[in-house]
Structure formats: structure tokens, C-alpha cells
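*Asks:* Next up, work.cif (mmCIF, C-alpha atoms).
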```cif
data_data
loop_
_atom_site.label_atom_id
_atom_site.label_comp_id
_atom_site.auth_asym_id
_atom_site.auth_seq_id
_atom_site.Cartn_x
_atom_site.Cartn_y
_atom_site.Cartn_z
CA MET A 149 22.99 -21.78 -2.63
CA LEU A 150 21.40 -20.89 0.71
CA ILE A 151 18.11 -19.03 1.13
CA TYR A 152 17.49 -17.50 4.54
CA VAL A 153 13.79 -17.01 5.33
CA GLU A 154 12.74 -14.81 8.23
CA ASN A 155 9.22 -14.68 9.68
CA ILE A 156 7.62 -12.55 12.39
CA ARG A 157 6.44 -14.59 15.35
CA GLY A 158 2.69 -14.39 16.03
CA ARG A 159 1.83 -12.60 12.79
CA ASP A 160 -1.31 -13.44 10.82
CA PRO A 161 -0.79 -16.82 9.06
CA ALA A 162 -1.54 -15.15 5.72
CA TYR A 163 1.97 -13.66 5.86
CA LEU A 164 3.86 -16.79 6.96
CA ILE A 165 6.68 -17.73 4.57
CA GLU A 166 6.82 -21.51 4.53
CA PRO A 167 9.98 -23.22 3.19
CA ALA A 168 7.73 -25.44 1.06
CA ALA A 169 6.27 -22.36 -0.59
CA VAL A 170 9.76 -21.06 -1.31
CA ARG A 171 10.71 -24.38 -2.91
CA ALA A 172 7.57 -24.28 -5.05
CA ALA A 173 8.46 -20.77 -6.23
CA ILE A 174 11.97 -21.80 -7.34
CA ARG A 175 11.07 -25.21 -8.72
CA GLY A 176 12.83 -25.91 -11.99
CA LEU A 177 15.74 -23.54 -11.43
CA PRO A 178 19.15 -24.99 -12.31
CA MET A 179 20.62 -24.70 -8.82
CA ASP A 180 20.86 -26.72 -5.63
CA VAL A 181 19.26 -24.78 -2.81
CA ASP A 182 19.16 -25.17 0.96
CA ILE A 183 16.59 -23.19 2.97
CA VAL A 184 16.93 -22.06 6.59
CA ASP A 185 13.92 -20.44 8.23
CA ALA A 186 13.96 -18.52 11.49
CA PHE A 187 11.92 -15.95 13.41
CA SER A 188 13.06 -12.34 13.56
CA ASP A 189 13.31 -12.51 17.37
CA ALA A 190 15.49 -15.66 17.22
CA PRO A 191 17.72 -15.29 14.15
CA ASP A 192 20.17 -17.92 13.01
CA ILE A 193 23.17 -15.65 12.61
CA GLY A 194 25.44 -18.42 11.39
CA ALA A 195 23.05 -19.28 8.57
CA LEU A 196 22.50 -15.64 7.70
CA GLU A 197 26.24 -15.11 7.32
CA LYS A 198 26.35 -17.98 4.81
CA ALA A 199 23.16 -17.05 2.94
CA ASP A 200 23.05 -15.98 -0.70
CA PHE A 201 19.41 -14.85 -0.66
CA PHE A 202 17.11 -13.43 2.01
CA VAL A 203 13.30 -13.39 2.10
CA GLY A 204 11.38 -11.60 4.85
CA ALA A 205 8.56 -9.22 5.66
CA LYS A 206 10.19 -6.83 8.14
CA LEU A 207 13.86 -6.20 7.58
CA ASP A 208 16.31 -5.69 10.43
CA THR A 209 18.61 -3.48 8.39
CA ALA A 210 21.38 -3.34 11.00
CA ARG A 211 21.49 -7.14 11.23
CA LEU A 212 21.48 -7.55 7.47
CA ASN A 213 24.29 -5.02 7.14
CA ARG A 214 26.34 -6.71 9.84
CA HIS A 215 25.79 -10.34 8.90
CA GLY A 216 24.55 -10.34 5.28
CA GLY A 217 27.80 -9.75 3.46
CA ARG A 218 27.29 -12.73 1.11
CA LEU A 219 23.74 -11.76 0.12
CA LYS A 220 23.03 -11.11 -3.54
CA LEU A 221 19.29 -10.49 -3.21
CA ILE A 222 17.08 -9.34 -0.34
CA HIS A 223 13.39 -9.78 -1.10
CA CYS A 224 10.77 -8.01 1.00
CA THR A 225 7.31 -9.60 0.99
CA SER A 226 5.74 -6.15 1.50
CA ALA A 227 5.38 -3.42 -1.09
CA GLY A 228 6.16 -0.42 1.11
CA VAL A 229 9.88 0.10 1.72
CA GLU A 230 9.92 3.67 3.03
CA GLY A 231 11.24 2.44 6.38
CA TYR A 232 14.39 1.05 4.75
CA LEU A 233 15.51 4.19 2.94
CA PRO A 234 18.14 5.34 2.26
CA LEU A 235 19.70 2.03 1.32
CA ASP A 236 23.02 2.82 3.00
CA TRP A 237 22.68 -0.37 5.06
CA LEU A 238 22.43 -2.65 2.02
CA PRO A 239 25.31 -5.13 1.78
CA ASP A 240 27.71 -4.29 -1.04
CA ARG A 241 26.75 -7.24 -3.27
CA ALA A 242 22.99 -7.12 -2.64
CA VAL A 243 19.96 -5.56 -4.27
CA LEU A 244 16.61 -5.03 -2.54
CA THR A 245 13.37 -6.08 -4.21
CA ASN A 246 9.81 -5.60 -2.99
CA SER A 247 6.38 -7.10 -3.67
CA SER A 248 4.78 -4.18 -5.44
CA GLY A 249 1.97 -5.30 -7.74
CA ILE A 250 0.76 -8.35 -5.84
CA HIS A 251 -1.98 -6.33 -4.10
CA ALA A 252 -3.58 -4.99 -7.27
CA GLU A 253 -6.64 -7.23 -7.63
CA LYS A 254 -7.76 -6.93 -4.01
CA ALA A 255 -6.96 -3.22 -3.88
CA GLY A 256 -8.96 -2.62 -7.04
CA GLU A 257 -12.02 -4.17 -5.44
CA PHE A 258 -11.61 -2.30 -2.16
CA GLY A 259 -11.05 1.01 -3.91
CA LEU A 260 -14.29 0.52 -5.81
CA LEU A 261 -16.07 -0.43 -2.59
CA ALA A 262 -14.80 2.72 -0.86
CA LEU A 263 -15.98 4.92 -3.72
CA LEU A 264 -19.42 3.33 -3.65
CA MET A 265 -19.64 3.75 0.13
CA LEU A 266 -18.75 7.43 -0.13
CA ASN A 267 -21.18 7.94 -2.99
CA ASP A 268 -24.03 6.39 -0.99
CA HIS A 269 -23.16 8.29 2.21
CA VAL A 270 -22.27 5.16 4.17
CA PRO A 271 -19.84 7.03 6.49
CA GLN A 272 -22.68 9.42 7.38
CA HIS A 273 -25.05 6.52 7.98
CA MET A 274 -22.48 4.88 10.28
CA THR A 275 -22.17 8.13 12.22
CA SER A 276 -25.96 8.30 12.53
CA GLN A 277 -26.06 4.69 13.70
CA ARG A 278 -23.56 5.41 16.50
CA SER A 279 -25.80 8.21 17.75
CA HIS A 280 -29.03 6.17 17.26
CA ALA A 281 -30.28 8.76 14.79
CA TRP A 282 -32.51 8.01 11.80
CA LYS A 283 -31.26 10.44 9.14
CA ARG A 284 -32.16 9.66 5.56
CA LYS A 285 -29.88 10.96 2.83
CA LEU A 286 -30.39 10.00 -0.78
CA ALA A 287 -27.62 9.56 -3.32
CA ARG A 288 -27.37 9.86 -7.07
CA PRO A 289 -25.82 7.00 -9.05
CA ILE A 290 -22.04 7.17 -9.25
CA ARG A 291 -21.94 7.14 -13.06
CA GLY A 292 -20.61 10.40 -14.46
CA LYS A 293 -18.87 11.50 -11.27
CA THR A 294 -15.13 12.13 -11.14
CA VAL A 295 -12.46 10.40 -9.07
CA LEU A 296 -8.89 11.69 -8.84
CA ILE A 297 -6.43 8.89 -8.07
CA TYR A 298 -3.25 10.24 -6.50
CA GLY A 299 -0.61 7.67 -7.45
CA VAL A 300 -1.43 5.63 -10.55
CA GLY A 301 0.84 2.63 -10.04
CA ALA A 302 -0.26 -0.97 -9.65
CA LEU A 303 -2.88 -0.18 -7.00
CA GLY A 304 -4.16 3.04 -8.51
CA GLY A 305 -4.28 1.50 -11.97
CA ALA A 306 -6.30 -1.46 -10.72
CA ILE A 307 -8.80 0.87 -9.07
CA ALA A 308 -9.02 2.98 -12.23
CA GLU A 309 -9.84 -0.12 -14.25
CA LYS A 310 -12.62 -1.15 -11.84
CA ALA A 311 -14.02 2.36 -11.47
CA LYS A 312 -14.27 2.81 -15.21
CA LEU A 313 -16.74 -0.11 -15.34
CA LEU A 314 -19.19 2.01 -13.34
CA GLY A 315 -18.92 4.98 -15.67
CA LEU A 316 -16.77 7.20 -13.47
CA ASN A 317 -14.56 9.85 -15.01
CA ILE A 318 -11.03 8.78 -14.06
CA TRP A 319 -8.40 11.41 -13.42
CA GLY A 320 -4.93 10.62 -12.12
CA VAL A 321 -1.78 12.10 -10.66
CA ARG A 322 1.52 10.48 -11.53
CA ARG A 323 5.13 11.48 -10.77
CA SER A 324 6.04 11.04 -14.42
CA GLY A 325 2.78 12.43 -15.79
CA ALA A 326 2.78 9.48 -18.22
CA PRO A 327 -0.61 8.33 -19.57
CA HIS A 328 -2.42 5.23 -18.34
CA PRO A 329 -4.94 3.22 -20.40
CA HIS A 330 -7.70 3.57 -17.78
CA VAL A 331 -7.11 7.24 -16.91
CA GLU A 332 -8.70 9.89 -19.07
CA CYS A 333 -6.81 12.88 -17.70
CA MET A 334 -3.36 12.62 -16.08
CA PHE A 335 -1.80 15.41 -14.03
CA HIS A 336 1.75 15.96 -12.88
CA PRO A 337 1.89 16.46 -9.08
CA ASP A 338 2.72 20.13 -9.61
CA LEU A 339 -0.71 20.57 -11.23
CA LEU A 340 -2.71 18.91 -8.44
CA ALA A 341 -4.35 22.20 -7.45
CA GLN A 342 -5.92 22.50 -10.89
CA ALA A 343 -7.76 19.20 -10.48
CA LEU A 344 -8.95 19.19 -6.87
CA PRO A 345 -11.85 21.70 -7.09
CA SER A 346 -13.55 19.65 -9.82
CA VAL A 347 -13.54 16.13 -8.34
CA ASP A 348 -16.10 14.18 -6.36
CA PHE A 349 -13.63 11.74 -4.82
CA LEU A 350 -9.93 11.87 -3.99
CA LEU A 351 -8.36 8.42 -3.69
CA VAL A 352 -4.74 8.16 -2.50
CA THR A 353 -2.63 5.13 -3.50
CA CYS A 354 0.91 6.49 -3.88
CA PRO A 355 4.02 5.15 -2.14
CA LEU A 356 5.35 7.17 0.79
CA THR A 357 8.45 9.04 -0.36
CA ALA A 358 10.09 12.36 0.40
CA ALA A 359 8.01 13.85 -2.41
CA THR A 360 4.64 12.43 -1.28
CA ARG A 361 4.98 12.91 2.49
CA GLY A 362 2.38 15.53 3.39
CA ALA A 363 1.35 15.90 -0.25
CA ILE A 364 -2.35 16.04 0.67
CA GLY A 365 -2.26 18.73 3.30
CA ALA A 366 -4.79 21.21 4.66
CA ARG A 367 -4.40 23.43 1.58
CA GLU A 368 -5.14 20.58 -0.83
CA LEU A 369 -8.06 19.23 1.23
CA MET A 370 -9.67 22.67 1.39
CA MET A 371 -9.59 22.82 -2.41
CA LEU A 372 -11.99 19.89 -2.62
CA PRO A 373 -15.69 20.72 -2.95
CA PRO A 374 -17.79 20.19 0.21
CA HIS A 375 -19.57 17.15 -1.27
CA ALA A 376 -16.26 15.34 -1.94
CA GLY A 377 -15.04 12.21 -0.19
CA VAL A 378 -11.49 11.06 0.55
CA VAL A 379 -9.99 7.55 0.53
CA ASN A 380 -6.45 6.82 1.76
CA MET A 381 -4.98 3.40 0.90
CA ALA A 382 -1.37 4.66 0.75
CA ARG A 383 0.30 5.69 4.02
CA ALA A 384 -1.02 7.92 6.77
CA ALA A 385 1.83 10.41 6.38
CA VAL A 386 0.70 11.31 2.85
CA VAL A 387 -2.52 12.94 4.13
CA ASP A 388 -2.94 15.51 6.90
CA TYR A 389 -5.42 13.64 9.11
CA ASP A 390 -5.79 16.53 11.56
CA ALA A 391 -6.89 18.83 8.76
CA LEU A 392 -9.14 16.14 7.30
CA ALA A 393 -10.83 15.54 10.65
CA GLU A 394 -11.45 19.25 11.14
CA LEU A 395 -13.04 19.59 7.71
CA LEU A 396 -15.27 16.57 8.39
CA ARG A 397 -16.36 17.99 11.77
CA GLU A 398 -17.18 21.32 10.11
CA GLY A 399 -19.11 19.66 7.27
CA ARG A 400 -16.66 21.01 4.70
CA LEU A 401 -16.05 17.50 3.37
CA ALA A 402 -18.67 14.77 3.05
CA GLY A 403 -16.82 11.66 4.21
CA ALA A 404 -13.60 9.68 4.40
CA VAL A 405 -12.49 6.04 4.30
CA LEU A 406 -9.05 5.57 5.84
CA ASP A 407 -7.22 2.24 5.69
CA VAL A 408 -3.80 3.34 6.97
CA PHE A 409 -2.72 4.91 10.23
CA ASP A 410 0.36 5.75 12.26
CA PRO A 411 0.82 4.00 14.58
CA GLU A 412 -0.75 0.66 13.78
CA PRO A 413 -2.61 -0.98 15.44
CA LEU A 414 -4.55 2.23 16.01
CA PRO A 415 -4.73 2.91 19.78
CA ALA A 416 -8.16 2.98 21.41
CA THR A 417 -7.42 6.57 22.49
CA ALA A 418 -6.79 7.80 18.92
CA PRO A 419 -9.16 10.62 17.91
CA TRP A 420 -9.98 9.14 14.50
CA TRP A 421 -12.44 6.58 15.93
CA ASP A 422 -14.91 9.34 16.76
CA VAL A 423 -14.58 11.75 13.86
CA PRO A 424 -18.00 12.11 12.20
CA ASN A 425 -18.38 10.63 8.72
CA LEU A 426 -14.98 8.90 8.90
CA MET A 427 -14.64 5.13 8.51
CA VAL A 428 -11.65 3.47 10.19
CA ILE A 429 -10.46 0.39 8.27
CA PRO A 430 -7.67 -1.67 9.95
CA HIS A 431 -5.21 -1.77 7.00
CA VAL A 432 -6.89 -4.63 5.14
CA SER A 433 -7.70 -3.00 1.81
CA ALA A 434 -5.07 -4.73 -0.31
CA ASP A 435 -4.08 -8.03 1.33
CA ASP A 436 -5.58 -11.40 0.42
CA PRO A 437 -5.59 -14.13 3.12
CA VAL A 438 -5.06 -16.81 0.47
CA GLY A 439 -2.12 -16.69 -1.91
CA TYR A 440 -0.50 -13.45 -0.73
CA ILE A 441 2.87 -15.02 0.04
CA ASP A 442 2.75 -17.22 -3.05
CA ARG A 443 2.42 -14.12 -5.24
CA SER A 444 5.30 -12.44 -3.44
CA LEU A 445 7.47 -15.54 -3.77
CA ALA A 446 6.67 -15.71 -7.49
CA ILE A 447 8.57 -12.41 -7.84
CA PHE A 448 11.46 -13.89 -5.84
CA GLY A 449 11.48 -17.03 -8.00
CA ARG A 450 11.48 -15.02 -11.23
CA ASN A 451 14.38 -12.99 -9.96
CA LEU A 452 16.44 -16.04 -9.12
CA ALA A 453 15.84 -17.19 -12.70
CA ASN A 454 16.77 -13.70 -13.92
CA LEU A 455 20.00 -13.80 -11.93
CA ALA A 456 20.90 -17.22 -13.30
CA ALA A 457 20.28 -16.00 -16.86
CA GLY A 458 21.96 -12.63 -16.45
CA ARG A 459 18.71 -10.73 -17.03
CA PRO A 460 17.59 -7.55 -15.24
CA LEU A 461 15.66 -8.12 -12.01
CA ASP A 462 12.01 -7.26 -11.40
CA ASN A 463 10.80 -4.98 -8.59
CA VAL A 464 14.21 -3.57 -7.70
CA VAL A 465 13.86 -0.74 -5.18
CA ASP A 466 15.29 2.54 -6.48
CA ALA A 467 16.49 4.66 -3.55
CA SER A 468 16.52 7.79 -5.70
CA ILE A 469 12.72 7.75 -6.11
CA GLY A 470 11.84 5.96 -2.88
CA TYR A 471 10.26 2.75 -4.14
#
```
Using C-alpha cells, write down the structure from this file.
*Replies:*
Amino acid sequence: MLIYVENIRGRDPAYLIEPAAVRAAIRGLPMDVDIVDAFSDAPDIGALEKADFFVGAKLDTARLNRHGGRLKLIHCTSAGVEGYLPLDWLPDRAVLTNSSGIHAEKAGEFGLLALLMLNDHVPQHMTSQRSHAWKRKLARPIRGKTVLIYGVGALGGAIAEKAKLLGLNIWGVRRSGAPHPHVECMFHPDLLAQALPSVDFLLVTCPLTAATRGAIGARELMMLPPHAGVVNMARAAVVDYDALAELLREGRLAGAVLDVFDPEPLPATAPWWDVPNLMVIPHVSADDPVGYIDRSLAIFGRNLANLAAGRPLDNVVDASIGY
């Protein structure tokens, strides 16, 4: 069996897929494995054409379609796969898996941090600091306030669990509407308008799909009460940033913490840097510099064991729902 590993040259070392880490993830499997690693800008086409399995962070779908005819499994070390849909490029024998779920612990902590910052008016204090203005604004404790988590999957569920420890009322929005053990009130997306006027915080953690693109638009943002704060840890295209910025400038929303942008890195000329009461976070809310790749490769290793045993695979991307 041949595993083809592809890295991105110059990327943060936290995301580097080392062959030794791959071997550790598949240790104990009843198969002889060779590993070839290459950079995305210098692929080993000959090895790719012979490979049975592929592991990488950013997928060149045209190259995989052209040269990956033997592949049985393509594993993406990221969770978001919206850029690879529809899966019409996928080689006939292959399935695509992602790394959804490995970000949960870190995302839970950051989501809680963002809620606390909004509750204590930290975005407003940062705006005052930039203008050298001493403006005191007191805050009530967060206990008893209500957060609506749009997208209660691995990330949203982890944040719900953390937020509950501080006595927040946890509401959620889920495509299926199915209950969650840490969410007191779950809404179907069609009922979002019923929830928005009553919440103190809107926290977005859904995948980007055809259904969620633009889901939090100007209409939805204007339904929030003026004291509410917004957190986006999903994808920029889920939330209308132009409308959000206008509401912040007009004082019709209290603050925002945004961790995702388009494009990234965010250009120095982007307007979001200077929107009052808006905190720009450089897409670091959910990634851990230690162990990130090991957790992703653990999914890959389990799936090789599942394949060998004829069991269903974990984290298979479903093109019909977009993740």
C-alpha cells in the first residue's frame, strides 16, 4: 500500500504532515505501507498515480482527478470542504474524509472567551483605546444571559458545553433540529427569526454550504436587540459583514468578534480593521499548535482500520449536505 502525503510549502509548522506522524497513526494495522511525501508546488506525479491513499491540507482537485485513479481514500486535514464541492472531481474508487471534530476543545475555549469579551464590552474598550479615549462602561455578569449558537455540530456543541458552566441560557440552530445535551432550546433554521430578538449573543459555527451561505444577512442582524454581540467562527460568507459593520457604526449592535474573513490573510486595506467595536481575529480560534495534525491523522488511521475490517468510515464528506 502507498500513502501519498502532500504539504504546503512555507505553511505554519503546526500543519506539517510528517511521514513519522503518519506511521504512528497507522501503527498496528495489518498492512505493509510505503509513504511518499511531497509539496503541493512540486508533486511527485509518478507516486501519486500509484498511491492508494492521499493525505493533504489543500486539495488540488484537478490533479487528483487526473492522477489519482488508484486512490481509495482522500483525507483532508482541514474540516471545511466547501471549496471541493461538488465532488464531481473525486476519482471513481475514492471517498473524501475531513477532520471535523478535532477543533472542538480549542474552539470551545475561544467561543467562551469571545462571549466573555462581548459581555464585558472589550470590543468597545479596544475602540476607545485606538482613539485614546477613557470611556468607562460597566457590565453585568454573564450568568442568565442567552446565547444562540447557529450550527450545533462539534464546534458549536463544545462551546455550548463551556458556556453552560457560566450559567448562560443556551439556544441552538441545527439543520436537523435534533436536540443536543447542552442546548436547552433548539430551533430549525426556518425558525431563526423567532429566536433572534430575544438573545444577547449570536455565535456562528456552522459549515459553509449552499443552505448557510448568507444565512445571517442584514434582515437577521437587524432582528437582534441593540445590546447584542456577534461572533463568527464559521466562514465569512455565512454572515453579511457589510450589514454588520453598518449596524456597529450606527450603534444598533454592541460588538462583534470575527475570526474568519474572505480573503485571508485580510488585506491591510480591508474596511473591517477600522469598524468600531469590531475585533479582528486572524483565523486562530480553533487550531492548536501542538497535536493538530496528530488528531487529524488519528481519523485517517481509524479509517484505514475500518477499510481493512470492512466497517463504515468516519468523517466521510456528504456532497448532498455540503460537509
*Asks:* Translate the PyMOL selection byres ((chain A and resi 189) around 9), as applied to the file shown, into an explicit residue set as a list in words.
*Replies:*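 Evaluating the PyMOL selection byres ((chain A and resi 189) around 9) on these coordinates yields Asn155, Ile156, Arg157, Ala186, Phe187, Ser188, Ala190 and Pro191 of chain A.
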*Asks:* Do a neighbour search on segment 335-338 of chain A at 7 Å with all atoms listed in the file, toss out local chain neighbours closer than 3 positions, and write the hits as a PDB file with C-alpha atoms, keeping the file's coordinate frame.
*Replies:*
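Final file, around18.pdb:
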```pdb
ATOM      1  CA  GLY A 320      -4.930  10.620 -12.120  1.00  0.00           C
ATOM      2  CA  VAL A 321      -1.780  12.100 -10.660  1.00  0.00           C
ATOM      3  CA  ARG A 322       1.520  10.480 -11.530  1.00  0.00           C
ATOM      4  CA  ARG A 323       5.130  11.480 -10.770  1.00  0.00           C
ATOM      5  CA  SER A 324       6.040  11.040 -14.420  1.00  0.00           C
ATOM      6  CA  GLY A 325       2.780  12.430 -15.790  1.00  0.00           C
TER       7      GLY A 325
END
```
*Asks:* Expand the PyMOL selection byres ((chain A and resi 207) around 9) into the explicit residue set it covers here, and present it as a VMD selection string.
*Replies:* chain A and resid 154 188 204 to 206 208 to 212 224 232
*Asks:* Applied to this file, what does the PyMOL selection byres ((chain A and resi 236) around 12) return in terms of residues, put as a list in words?
*Replies:* Thr209, Ala210, Leu212, Asn213, Tyr232, Leu233, Pro234, Leu235, Trp237, Leu238, Pro239, Asp240, Ala242, Val243, Leu244, Ala467 and Ser468 of chain A
*Asks:* Let me make sure I understand: among A:Met149, A:Val203, A:Thr360, A:Lys283, which one has the smallest atom-to-atom distance to Leu177 of chain A if we use only C-alpha atoms?
*Replies:*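 With only C-alpha atoms as the atom set, the closest residue is A:Met149.
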*Asks:* Produce a table with one row for each residue of segment 168-247 of chain A that has an atom at most 9 Å from any atom of segment 344-359 of chain A, each row naming the nearest atom pair and its distance in Å at one decimal; use all atoms listed in the file; arrange rows by chain and rising residue number; format as JSON lines.
*Replies:*
```
{"residue": "A:Ala227", "atom": "CA", "partner": "A:Pro355", "partner_atom": "CA", "distance": 8.7}
{"residue": "A:Gly228", "atom": "CA", "partner": "A:Pro355", "partner_atom": "CA", "distance": 6.8}
{"residue": "A:Val229", "atom": "CA", "partner": "A:Leu356", "partner_atom": "CA", "distance": 8.4}
{"residue": "A:Glu230", "atom": "CA", "partner": "A:Leu356", "partner_atom": "CA", "distance": 6.2}
```
*Asks:* Just checking: using all atoms listed in the file, which residue out of A:Asp200, A:Val432, A:Gly299, A:Ala281 ends up closest to Leu150 of chain A?
*Replies:*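 Smallest distance to Leu150 of chain A is found for A:Asp200.
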*Asks:* With a distance cut-off of 10 Å and all atoms listed in the file, select the neighbouring residues of Lys285 of chain A, excluding the residue or stretch itself and same-chain residues fewer than 5 positions from it, and output the selection as a PDB file with C-alpha atoms, in the frame of the given file.
*Replies:*
```pdb
ATOM      1  CA  ASP A 268     -24.030   6.390  -0.990  1.00  0.00           C
ATOM      2  CA  HIS A 269     -23.160   8.290   2.210  1.00  0.00           C
ATOM      3  CA  VAL A 270     -22.270   5.160   4.170  1.00  0.00           C
ATOM      4  CA  GLN A 272     -22.680   9.420   7.380  1.00  0.00           C
ATOM      5  CA  HIS A 273     -25.050   6.520   7.980  1.00  0.00           C
TER       6      HIS A 273
END
```
*Asks:* Tell me which protein, DNA and RNA residues are within 10 Å of Val408 of chain A, counting all atoms listed in the file, leaving out same-chain ones fewer than 3 positions away, and put them as a CSV table (one decimal) with C-alpha atoms, in the frame of the given file.
*Replies:*
```
chain,number,residue,atom,x,y,z
A,379,VAL,CA,-10.0,7.6,0.5
A,380,ASN,CA,-6.4,6.8,1.8
A,381,MET,CA,-5.0,3.4,0.9
A,382,ALA,CA,-1.4,4.7,0.8
A,383,ARG,CA,0.3,5.7,4.0
A,384,ALA,CA,-1.0,7.9,6.8
A,385,ALA,CA,1.8,10.4,6.4
A,405,VAL,CA,-12.5,6.0,4.3
A,411,PRO,CA,0.8,4.0,14.6
A,412,GLU,CA,-0.8,0.7,13.8
A,413,PRO,CA,-2.6,-1.0,15.4
A,414,LEU,CA,-4.6,2.2,16.0
A,428,VAL,CA,-11.6,3.5,10.2
A,429,ILE,CA,-10.5,0.4,8.3
A,430,PRO,CA,-7.7,-1.7,10.0
A,431,HIS,CA,-5.2,-1.8,7.0
A,432,VAL,CA,-6.9,-4.6,5.1
A,433,SER,CA,-7.7,-3.0,1.8
```
*Asks:* Please, what distance in Å, to one decimal, runs between atom CA of Trp319 of chain A and atom CA of Pro373 of chain A?
*Replies:* 15.8 Å
*Asks:* Tell me which of A:Arg450, A:Arg443, A:Arg284, A:Lys293 sits closest to Gly249 of chain A, counting all atoms listed in the file.
*Replies:*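 Ranked by minimum distance to Gly249 of chain A, first place goes to A:Arg443.
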*Asks:* Could you tell me how far atom CA of Glu197 of chain A sits from atom CA of Gly216 of chain A, in Å to one decimal place?
*Replies:*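 That distance, rounded to one decimal, is 5.5 Å.
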*Asks:* Go ahead and compute the interatomic distance for atom CA of Pro167 of chain A and atom CA of Ile183 of chain A, in Å to one decimal.
*Replies:*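 Going from atom CA of Pro167 of chain A over to atom CA of Ile183 of chain A covers 6.6 Å.
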*Asks:* Let me make sure I understand: among A:Leu266, A:His328, A:Arg361, A:Val464, which one has the smallest atom-to-atom distance to His375 of chain A if we use all atoms listed in the file?
*Replies:*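 The closest residue to His375 of chain A is A:Leu266.
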